[in-house]
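What follows is the content of final27.pdb, which has PDB, C-alpha atoms, pLDDT in the B column:
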```
ATOM      1  CA  MET G   1      51.241  97.407 116.605  1.00 41.00           C
ATOM      2  CA  ASP G   2      51.922 100.158 119.158  1.00 50.00           C
ATOM      3  CA  GLU G   3      50.954 103.832 118.742  1.00 50.00           C
ATOM      4  CA  ASN G   4      54.548 104.941 118.015  1.00 52.00           C
ATOM      5  CA  HIS G   5      54.796 102.548 115.083  1.00 45.00           C
ATOM      6  CA  LYS G   6      51.431 103.733 113.803  1.00 51.00           C
ATOM      7  CA  LEU G   7      52.733 107.306 113.854  1.00 53.00           C
ATOM      8  CA  GLU G   8      55.821 106.230 111.913  1.00 59.00           C
ATOM      9  CA  LEU G   9      53.540 105.032 109.108  1.00 82.00           C
ATOM     10  CA  THR G  10      51.956 108.489 108.855  1.00 89.00           C
ATOM     11  CA  THR G  11      53.683 110.631 106.235  1.00 91.00           C
ATOM     12  CA  LEU G  12      51.663 113.784 106.837  1.00 96.00           C
ATOM     13  CA  SER G  13      48.521 114.871 108.668  1.00 98.00           C
ATOM     14  CA  TYR G  14      45.907 117.546 108.240  1.00 98.00           C
ATOM     15  CA  ILE G  15      42.989 118.887 110.244  1.00 98.00           C
ATOM     16  CA  ILE G  16      39.886 120.352 108.637  1.00 98.00           C
ATOM     17  CA  CYS G  17      38.915 123.180 110.994  1.00 98.00           C
ATOM     18  CA  ALA G  18      35.182 123.770 110.776  1.00 96.00           C
ATOM     19  CA  THR G  19      31.966 125.140 112.233  1.00 95.00           C
ATOM     20  CA  PRO G  20      28.580 123.367 112.020  1.00 91.00           C
ATOM     21  CA  ARG G  21      26.952 123.427 108.572  1.00 88.00           C
ATOM     22  CA  SER G  22      29.975 124.981 106.883  1.00 92.00           C
ATOM     23  CA  GLY G  23      30.250 122.306 104.181  1.00 92.00           C
ATOM     24  CA  SER G  24      32.925 120.310 105.987  1.00 93.00           C
ATOM     25  CA  THR G  25      31.195 116.966 105.409  1.00 91.00           C
ATOM     26  CA  LEU G  26      31.180 117.636 101.665  1.00 92.00           C
ATOM     27  CA  LEU G  27      34.852 118.600 101.826  1.00 96.00           C
ATOM     28  CA  CYS G  28      35.670 115.357 103.636  1.00 95.00           C
ATOM     29  CA  GLU G  29      33.870 113.441 100.895  1.00 94.00           C
ATOM     30  CA  ALA G  30      35.800 115.236  98.141  1.00 95.00           C
ATOM     31  CA  LEU G  31      39.143 114.495  99.775  1.00 97.00           C
ATOM     32  CA  ARG G  32      38.226 110.859 100.438  1.00 95.00           C
ATOM     33  CA  ASN G  33      37.093 110.522  96.843  1.00 93.00           C
ATOM     34  CA  SER G  34      40.549 111.563  95.635  1.00 95.00           C
ATOM     35  CA  ALA G  35      41.858 108.323  97.256  1.00 94.00           C
ATOM     36  CA  LEU G  36      44.998 110.275  98.176  1.00 96.00           C
ATOM     37  CA  ALA G  37      44.020 112.220 101.297  1.00 97.00           C
ATOM     38  CA  GLY G  38      43.135 109.551 103.821  1.00 97.00           C
ATOM     39  CA  ASN G  39      39.743 109.215 105.445  1.00 96.00           C
ATOM     40  CA  PRO G  40      38.939 112.563 107.093  1.00 97.00           C
ATOM     41  CA  ASP G  41      36.081 112.407 109.569  1.00 95.00           C
ATOM     42  CA  GLU G  42      35.110 113.580 113.053  1.00 94.00           C
ATOM     43  CA  TYR G  43      36.853 111.313 115.529  1.00 96.00           C
ATOM     44  CA  PHE G  44      36.936 113.573 118.596  1.00 95.00           C
ATOM     45  CA  GLY G  45      34.342 115.334 120.681  1.00 87.00           C
ATOM     46  CA  PRO G  46      32.145 113.392 123.136  1.00 88.00           C
ATOM     47  CA  MET G  47      29.418 112.273 120.731  1.00 88.00           C
ATOM     48  CA  HIS G  48      31.943 111.171 118.105  1.00 91.00           C
ATOM     49  CA  ILE G  49      34.055 109.228 120.555  1.00 95.00           C
ATOM     50  CA  ASN G  50      30.917 107.423 121.694  1.00 93.00           C
ATOM     51  CA  ARG G  51      29.944 106.689 118.086  1.00 91.00           C
ATOM     52  CA  TRP G  52      33.320 105.264 117.082  1.00 95.00           C
ATOM     53  CA  ASN G  53      33.759 103.356 120.310  1.00 94.00           C
ATOM     54  CA  LYS G  54      30.606 101.402 119.582  1.00 93.00           C
ATOM     55  CA  ILE G  55      32.447 100.162 116.494  1.00 95.00           C
ATOM     56  CA  TRP G  56      36.004  99.870 117.809  1.00 97.00           C
ATOM     57  CA  LYS G  57      35.332  98.929 121.447  1.00 96.00           C
ATOM     58  CA  THR G  58      38.627 100.447 122.590  1.00 96.00           C
ATOM     59  CA  LYS G  59      39.632 100.103 126.229  1.00 95.00           C
ATOM     60  CA  SER G  60      41.780 103.216 126.713  1.00 95.00           C
ATOM     61  CA  LYS G  61      42.387 106.662 125.254  1.00 94.00           C
ATOM     62  CA  ASN G  62      45.736 105.497 123.909  1.00 94.00           C
ATOM     63  CA  GLU G  63      44.058 102.627 122.109  1.00 96.00           C
ATOM     64  CA  TYR G  64      41.378 104.976 120.791  1.00 96.00           C
ATOM     65  CA  LEU G  65      43.986 107.384 119.413  1.00 96.00           C
ATOM     66  CA  GLY G  66      45.675 104.460 117.682  1.00 95.00           C
ATOM     67  CA  LYS G  67      42.379 103.507 116.029  1.00 96.00           C
ATOM     68  CA  VAL G  68      41.849 107.108 114.910  1.00 97.00           C
ATOM     69  CA  ILE G  69      45.225 107.053 113.210  1.00 96.00           C
ATOM     70  CA  GLU G  70      44.464 103.720 111.512  1.00 95.00           C
ATOM     71  CA  GLN G  71      40.991 104.786 110.397  1.00 96.00           C
ATOM     72  CA  GLY G  72      41.914 108.278 109.243  1.00 97.00           C
ATOM     73  CA  ARG G  73      45.059 107.306 107.323  1.00 97.00           C
ATOM     74  CA  GLY G  74      45.168 106.214 103.694  1.00 96.00           C
ATOM     75  CA  ILE G  75      47.512 103.677 102.120  1.00 93.00           C
ATOM     76  CA  ASN G  76      49.914 106.491 101.192  1.00 94.00           C
ATOM     77  CA  GLY G  77      50.296 107.466 104.861  1.00 96.00           C
ATOM     78  CA  VAL G  78      48.181 110.644 104.707  1.00 97.00           C
ATOM     79  CA  LEU G  79      46.038 111.140 107.797  1.00 97.00           C
ATOM     80  CA  GLY G  80      42.895 113.298 107.651  1.00 98.00           C
ATOM     81  CA  LEU G  81      40.843 114.625 110.581  1.00 98.00           C
ATOM     82  CA  LYS G  82      37.962 117.051 111.023  1.00 97.00           C
ATOM     83  CA  VAL G  83      37.389 119.124 114.152  1.00 97.00           C
ATOM     84  CA  MET G  84      34.599 121.535 115.077  1.00 95.00           C
ATOM     85  CA  ARG G  85      35.568 124.516 117.164  1.00 96.00           C
ATOM     86  CA  VAL G  86      32.598 123.889 119.447  1.00 93.00           C
ATOM     87  CA  TYR G  87      34.373 120.874 121.001  1.00 95.00           C
ATOM     88  CA  TRP G  88      37.967 122.031 120.501  1.00 97.00           C
ATOM     89  CA  GLN G  89      38.732 122.029 124.229  1.00 95.00           C
ATOM     90  CA  ASN G  90      37.541 118.418 124.481  1.00 94.00           C
ATOM     91  CA  VAL G  91      40.063 117.457 121.786  1.00 96.00           C
ATOM     92  CA  ILE G  92      42.937 119.195 123.547  1.00 95.00           C
ATOM     93  CA  GLU G  93      42.078 117.683 126.944  1.00 93.00           C
ATOM     94  CA  PHE G  94      41.788 114.222 125.393  1.00 95.00           C
ATOM     95  CA  LEU G  95      45.205 114.516 123.754  1.00 95.00           C
ATOM     96  CA  GLN G  96      46.798 116.065 126.847  1.00 93.00           C
ATOM     97  CA  GLU G  97      45.770 113.057 128.887  1.00 92.00           C
ATOM     98  CA  THR G  98      46.852 110.644 126.179  1.00 92.00           C
ATOM     99  CA  THR G  99      50.276 112.185 125.560  1.00 89.00           C
ATOM    100  CA  LYS G 100      51.019 113.110 129.182  1.00 86.00           C
ATOM    101  CA  LEU G 101      52.035 116.585 127.977  1.00 80.00           C
ATOM    102  CA  PRO G 102      49.751 118.769 130.117  1.00 74.00           C
ATOM    103  CA  ASN G 103      51.938 121.883 129.941  1.00 79.00           C
ATOM    104  CA  SER G 104      52.541 121.899 126.197  1.00 88.00           C
ATOM    105  CA  SER G 105      50.781 124.346 123.887  1.00 94.00           C
ATOM    106  CA  GLU G 106      47.769 123.237 121.909  1.00 95.00           C
ATOM    107  CA  SER G 107      49.671 123.296 118.620  1.00 96.00           C
ATOM    108  CA  ASP G 108      52.613 121.352 120.092  1.00 95.00           C
ATOM    109  CA  ILE G 109      50.288 118.632 121.405  1.00 95.00           C
ATOM    110  CA  LEU G 110      48.618 118.313 118.015  1.00 96.00           C
ATOM    111  CA  THR G 111      51.940 118.209 116.187  1.00 95.00           C
ATOM    112  CA  HIS G 112      53.173 115.538 118.597  1.00 94.00           C
ATOM    113  CA  CYS G 113      50.127 113.366 117.880  1.00 95.00           C
ATOM    114  CA  PHE G 114      49.821 114.038 114.156  1.00 96.00           C
ATOM    115  CA  PRO G 115      53.118 114.259 112.215  1.00 93.00           C
ATOM    116  CA  ASN G 116      53.781 116.966 109.597  1.00 96.00           C
ATOM    117  CA  LEU G 117      50.507 118.635 110.497  1.00 98.00           C
ATOM    118  CA  ARG G 118      48.739 121.055 108.131  1.00 98.00           C
ATOM    119  CA  TYR G 119      45.489 122.942 108.576  1.00 98.00           C
ATOM    120  CA  ILE G 120      42.525 123.468 106.267  1.00 98.00           C
ATOM    121  CA  TRP G 121      39.927 126.011 107.359  1.00 98.00           C
ATOM    122  CA  ILE G 122      36.477 125.827 105.789  1.00 98.00           C
ATOM    123  CA  THR G 123      34.225 128.842 106.219  1.00 97.00           C
ATOM    124  CA  ARG G 124      30.960 130.088 104.776  1.00 95.00           C
ATOM    125  CA  ARG G 125      30.193 133.624 103.635  1.00 95.00           C
ATOM    126  CA  ASN G 126      26.455 133.386 104.131  1.00 94.00           C
ATOM    127  CA  LYS G 127      26.076 133.039 107.873  1.00 94.00           C
ATOM    128  CA  VAL G 128      22.276 133.341 107.690  1.00 93.00           C
ATOM    129  CA  ARG G 129      21.984 130.242 105.520  1.00 91.00           C
ATOM    130  CA  GLN G 130      24.513 128.429 107.689  1.00 91.00           C
ATOM    131  CA  ALA G 131      22.518 129.231 110.834  1.00 91.00           C
ATOM    132  CA  ILE G 132      19.252 128.120 109.239  1.00 87.00           C
ATOM    133  CA  SER G 133      20.830 124.840 108.166  1.00 86.00           C
ATOM    134  CA  TRP G 134      22.073 124.334 111.731  1.00 82.00           C
ATOM    135  CA  MET G 135      18.631 125.071 113.172  1.00 81.00           C
ATOM    136  CA  LYS G 136      16.935 122.639 110.772  1.00 81.00           C
ATOM    137  CA  PHE G 137      19.387 119.929 111.809  1.00 72.00           C
ATOM    138  CA  LEU G 138      18.592 120.442 115.493  1.00 74.00           C
ATOM    139  CA  GLN G 139      14.891 120.146 114.652  1.00 63.00           C
ATOM    140  CA  GLY G 140      15.329 116.761 113.011  1.00 57.00           C
ATOM    141  CA  ALA G 141      16.977 117.208 109.620  1.00 50.00           C
ATOM    142  CA  ALA G 142      19.778 114.764 108.780  1.00 43.00           C
ATOM    143  CA  TRP G 143      23.375 115.906 109.112  1.00 43.00           C
ATOM    144  CA  PHE G 144      23.891 114.879 105.489  1.00 42.00           C
ATOM    145  CA  TRP G 145      21.680 113.458 102.735  1.00 39.00           C
ATOM    146  CA  GLU G 146      22.519 110.921 100.015  1.00 45.00           C
ATOM    147  CA  ASP G 147      19.109 109.940  98.612  1.00 44.00           C
ATOM    148  CA  GLU G 148      17.829 111.272  95.297  1.00 53.00           C
ATOM    149  CA  GLU G 149      14.458 112.110  96.842  1.00 60.00           C
ATOM    150  CA  PRO G 150      14.489 115.332  98.922  1.00 54.00           C
ATOM    151  CA  GLN G 151      14.325 114.983 102.668  1.00 52.00           C
ATOM    152  CA  LEU G 152      10.878 115.689 104.137  1.00 60.00           C
ATOM    153  CA  ILE G 153      10.807 116.809 107.765  1.00 65.00           C
ATOM    154  CA  ARG G 154       7.484 117.833 109.257  1.00 64.00           C
ATOM    155  CA  GLY G 155       6.941 120.337 112.040  1.00 70.00           C
ATOM    156  CA  LEU G 156       9.986 122.527 111.431  1.00 78.00           C
ATOM    157  CA  GLU G 157       9.615 125.925 113.081  1.00 83.00           C
ATOM    158  CA  PHE G 158      10.986 129.312 112.063  1.00 84.00           C
ATOM    159  CA  LYS G 159      12.776 130.682 115.134  1.00 86.00           C
ATOM    160  CA  PRO G 160      14.540 133.980 114.354  1.00 88.00           C
ATOM    161  CA  ASP G 161      16.079 134.262 117.820  1.00 89.00           C
ATOM    162  CA  VAL G 162      17.702 130.849 117.402  1.00 87.00           C
ATOM    163  CA  ILE G 163      18.963 131.810 113.941  1.00 89.00           C
ATOM    164  CA  ARG G 164      20.474 134.966 115.386  1.00 91.00           C
ATOM    165  CA  GLU G 165      22.147 133.010 118.191  1.00 90.00           C
ATOM    166  CA  PHE G 166      23.607 130.514 115.721  1.00 90.00           C
ATOM    167  CA  ILE G 167      24.950 133.350 113.560  1.00 93.00           C
ATOM    168  CA  MET G 168      26.720 134.786 116.603  1.00 94.00           C
ATOM    169  CA  GLN G 169      28.115 131.385 117.578  1.00 93.00           C
ATOM    170  CA  THR G 170      29.374 130.727 114.065  1.00 95.00           C
ATOM    171  CA  VAL G 171      31.110 134.094 113.889  1.00 96.00           C
ATOM    172  CA  SER G 172      32.616 133.548 117.348  1.00 97.00           C
ATOM    173  CA  HIS G 173      33.910 130.101 116.428  1.00 96.00           C
ATOM    174  CA  GLY G 174      35.369 131.416 113.172  1.00 97.00           C
ATOM    175  CA  THR G 175      37.150 134.175 115.079  1.00 98.00           C
ATOM    176  CA  ALA G 176      38.531 131.601 117.519  1.00 98.00           C
ATOM    177  CA  TRP G 177      39.991 129.585 114.625  1.00 98.00           C
ATOM    178  CA  GLN G 178      41.614 132.720 113.227  1.00 98.00           C
ATOM    179  CA  GLU G 179      43.102 133.597 116.616  1.00 98.00           C
ATOM    180  CA  TYR G 180      44.543 130.092 116.960  1.00 98.00           C
ATOM    181  CA  PHE G 181      46.161 130.335 113.523  1.00 98.00           C
ATOM    182  CA  LYS G 182      47.565 133.797 114.255  1.00 98.00           C
ATOM    183  CA  GLN G 183      48.931 132.901 117.691  1.00 97.00           C
ATOM    184  CA  ASN G 184      50.738 129.862 116.310  1.00 97.00           C
ATOM    185  CA  GLY G 185      52.006 131.337 113.059  1.00 97.00           C
ATOM    186  CA  ILE G 186      49.836 129.007 110.984  1.00 97.00           C
ATOM    187  CA  GLN G 187      48.748 129.822 107.446  1.00 97.00           C
ATOM    188  CA  PRO G 188      45.867 127.417 106.765  1.00 98.00           C
ATOM    189  CA  TYR G 189      44.488 126.552 103.373  1.00 98.00           C
ATOM    190  CA  ILE G 190      41.160 128.389 103.272  1.00 98.00           C
ATOM    191  CA  VAL G 191      38.097 126.868 101.613  1.00 98.00           C
ATOM    192  CA  VAL G 192      35.019 129.056 101.139  1.00 98.00           C
ATOM    193  CA  TYR G 193      31.910 126.897 100.905  1.00 95.00           C
ATOM    194  CA  GLU G 194      30.157 129.016  98.283  1.00 96.00           C
ATOM    195  CA  ASP G 195      33.164 128.675  95.957  1.00 97.00           C
ATOM    196  CA  PHE G 196      33.777 125.030  96.775  1.00 95.00           C
ATOM    197  CA  VAL G 197      30.308 123.701  95.853  1.00 91.00           C
ATOM    198  CA  SER G 198      30.821 124.617  92.200  1.00 91.00           C
ATOM    199  CA  ALA G 199      34.457 123.479  92.156  1.00 95.00           C
ATOM    200  CA  TYR G 200      34.352 120.139  93.988  1.00 94.00           C
ATOM    201  CA  GLU G 201      37.218 118.283  92.293  1.00 92.00           C
ATOM    202  CA  LYS G 202      39.194 121.455  91.587  1.00 95.00           C
ATOM    203  CA  THR G 203      39.186 122.355  95.276  1.00 97.00           C
ATOM    204  CA  ALA G 204      40.259 118.842  96.272  1.00 96.00           C
ATOM    205  CA  LYS G 205      43.157 118.987  93.790  1.00 96.00           C
ATOM    206  CA  GLU G 206      44.260 122.380  95.102  1.00 97.00           C
ATOM    207  CA  ILE G 207      44.287 120.955  98.631  1.00 98.00           C
ATOM    208  CA  LEU G 208      46.372 117.990  97.462  1.00 97.00           C
ATOM    209  CA  GLU G 209      48.860 120.494  96.042  1.00 96.00           C
ATOM    210  CA  TYR G 210      48.852 122.468  99.297  1.00 97.00           C
ATOM    211  CA  LEU G 211      49.569 119.247 101.191  1.00 97.00           C
ATOM    212  CA  GLY G 212      52.378 118.355  98.775  1.00 95.00           C
ATOM    213  CA  ILE G 213      50.651 115.207  97.550  1.00 95.00           C
ATOM    214  CA  HIS G 214      51.573 114.310  93.980  1.00 89.00           C
ATOM    215  CA  TYR G 215      48.769 113.168  91.679  1.00 87.00           C
ATOM    216  CA  HIS G 216      48.118 112.552  87.996  1.00 81.00           C
ATOM    217  CA  GLU G 217      46.063 115.256  86.335  1.00 75.00           C
ATOM    218  CA  GLU G 218      43.581 112.632  85.107  1.00 75.00           C
ATOM    219  CA  ILE G 219      42.889 111.509  88.687  1.00 86.00           C
ATOM    220  CA  LEU G 220      39.567 109.669  88.902  1.00 79.00           C
ATOM    221  CA  PHE G 221      37.413 110.724  91.815  1.00 82.00           C
ATOM    222  CA  GLY G 222      35.021 108.399  93.590  1.00 77.00           C
ATOM    223  CA  GLU G 223      31.274 108.854  93.306  1.00 78.00           C
ATOM    224  CA  ARG G 224      29.893 112.081  94.723  1.00 78.00           C
ATOM    225  CA  ARG G 225      27.012 110.961  96.962  1.00 72.00           C
ATOM    226  CA  LEU G 226      26.071 113.924  99.146  1.00 56.00           C
ATOM    227  CA  LYS G 227      23.041 115.926  98.001  1.00 55.00           C
ATOM    228  CA  GLN G 228      22.173 119.561  98.569  1.00 62.00           C
ATOM    229  CA  GLN G 229      19.857 119.967 101.547  1.00 52.00           C
ATOM    230  CA  ALA G 230      18.731 123.567 101.075  1.00 56.00           C
ATOM    231  CA  ASP G 231      15.160 123.634  99.768  1.00 67.00           C
ATOM    232  CA  ALA G 232      12.182 125.945  99.276  1.00 72.00           C
ATOM    233  CA  LEU G 233      11.698 126.184 103.040  1.00 78.00           C
ATOM    234  CA  THR G 234      15.297 127.317 103.419  1.00 81.00           C
ATOM    235  CA  GLU G 235      14.722 130.030 100.838  1.00 84.00           C
ATOM    236  CA  GLU G 236      11.543 131.144 102.597  1.00 85.00           C
ATOM    237  CA  TRP G 237      13.262 131.366 105.968  1.00 84.00           C
ATOM    238  CA  VAL G 238      16.257 133.237 104.551  1.00 89.00           C
ATOM    239  CA  HIS G 239      13.873 135.811 103.042  1.00 89.00           C
ATOM    240  CA  ARG G 240      11.849 136.124 106.269  1.00 88.00           C
ATOM    241  CA  TYR G 241      14.911 136.527 108.437  1.00 91.00           C
ATOM    242  CA  LEU G 242      16.524 139.108 106.184  1.00 90.00           C
ATOM    243  CA  GLU G 243      13.287 141.078 106.002  1.00 87.00           C
ATOM    244  CA  MET G 244      13.234 141.175 109.807  1.00 83.00           C
ATOM    245  CA  HIS G 245      16.878 142.290 109.969  1.00 77.00           C
ATOM    246  CA  ARG G 246      17.332 144.141 106.684  1.00 72.00           C
ATOM    247  CA  ASP G 247      19.232 146.976 108.379  1.00 58.00           C
ATOM    248  CA  THR G 248      21.623 144.731 110.319  1.00 56.00           C
ATOM    249  CA  GLU G 249      22.186 141.548 108.296  1.00 48.00           C
ATOM    250  CA  ARG G 250      24.003 141.128 105.022  1.00 48.00           C
ATOM    251  CA  MET G 251      24.108 137.963 102.969  1.00 43.00           C
TER     252      MET G 251
END
```

Would you give me this structure, written as structure tokens?
Amino acid sequence: MDENHKLELTTLSYIICATPRSGSTLLCEALRNSALAGNPDEYFGPMHINRWNKIWKTKSKNEYLGKVIEQGRGINGVLGLKVMRVYWQNVIEFLQETTKLPNSSESDILTHCFPNLRYIWITRRNKVRQAISWMKFLQGAAWFWEDEEPQLIRGLEFKPDVIREFIMQTVSHGTAWQEYFKQNGIQPYIVVYEDFVSAYEKTAKEILEYLGIHYHEEILFGERRLKQQADALTEEWVHRYLEMHRDTERM
């Protein structure tokens, strides 16, 4: 099956636009669990391409893109993707080379590759907690956690300068997403993490409505497996950081 035929089988596409530790993995799970929104995941960016290629063993970028479409699409033709702003340029360059459309705009390239494209932007109000979660991950915490027992990571260090840097990066990446939407006349569906965590299925249903996907009200969601990773250490570090920056930081 060639890539053009694969695209023909795609009824609509969406990209979850995210920043690290914004709750995007949980959002992907919720949409997958609806069984109506494809299989959203990170398929682009150097580390993700390497990860998937170990499974798919593709021999070209065209073949890889075809596998992304197959993997990310559900039986109803809905294709889901997730992209972090931190590797956005890698995505565009990959697709430029694949499509042979080097002079097209970013949005045109994406629309060419992913039919009837919509955007979902997930953001987080509490940038301090987001930055601390990011820092813990880089010190050895798992990207996500499914076990009932809490994750125990020894030797984690409180580094306020790193937290501050991650806050600035997160804000910068969020601003870049907003600029992209504004420049291209895009009105994304906005998910705020702090609201989403207490409205898991409700948020997924609202996104299905935004995408124009019909569903029965009694839709049965798959098992929710992801566990909260914030713990007592997170709370301690949030308090310490805010005490150090009480005049400049707001939760």

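The space separating atom CA of Ile16 of chain G from atom CA of Lys82 of chain G comes to 4.5 Å.
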
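Between Ser107 of chain G and the candidates G:Gly222, G:Gly45, G:Gly185, G:Gly155, the tightest atom-to-atom separation, counting all atoms listed in the file, involves G:Gly185.
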
Could you expand the PyMOL selection byres ((chain G and resi 187) around 10) into the explicit residues it covers here, written as a ChimeraX atom specification? /G:118-121,178,181-182,184-186,188-190

The PyMOL selection byres ((chain G and resi 73) around 9) applied to the shown file, residues as a PyMOL selection string: chain G and resi 9-10+13+37-40+68-72+74-80

If you count only C-alpha atoms, the residue of G:Pro46, G:Pro115, G:Gly174, G:Pro160 closest to Cys17 of chain G turns out to be G:Gly174

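The space separating atom CA of Gln96 of chain G from atom CA of Ser172 of chain G comes to 24.4 Å.
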
Surrounding residues of segment 48-53 of chain G excluding itself and chain neighbours under 5 positions, 10 Å, all atoms listed in the file, as a PDB file with C-alpha atoms, in the frame of the given file:
```pdb
ATOM      1  CA  ASP G  41      36.081 112.407 109.569  1.00 95.00           C
ATOM      2  CA  GLU G  42      35.110 113.580 113.053  1.00 94.00           C
ATOM      3  CA  TYR G  43      36.853 111.313 115.529  1.00 96.00           C
ATOM      4  CA  THR G  58      38.627 100.447 122.590  1.00 96.00           C
ATOM      5  CA  LYS G  59      39.632 100.103 126.229  1.00 95.00           C
ATOM      6  CA  LYS G  61      42.387 106.662 125.254  1.00 94.00           C
ATOM      7  CA  TYR G  64      41.378 104.976 120.791  1.00 96.00           C
ATOM      8  CA  LYS G  67      42.379 103.507 116.029  1.00 96.00           C
ATOM      9  CA  VAL G  68      41.849 107.108 114.910  1.00 97.00           C
TER      10      VAL G  68
END
```

Assuming 5 Å of padding per side, give the centre and edge lengths of the axis-aligned box around every listed atom of segment 10-23 of chain G, in Å to one decimal and as AutoDock Vina command-line options.
```
--center_x 40.3 --center_y 116.8 --center_z 108.2 --size_x 36.7 --size_y 26.7 --size_z 18.1
```

I want to know what sits within 12 Å of Tyr215 of chain G, based on all atoms listed in the file, with residues of the same chain fewer than 3 positions away left out; could you give that as a ChimeraX atom specification? /G:34-37,76,204-209,211-212,218-221
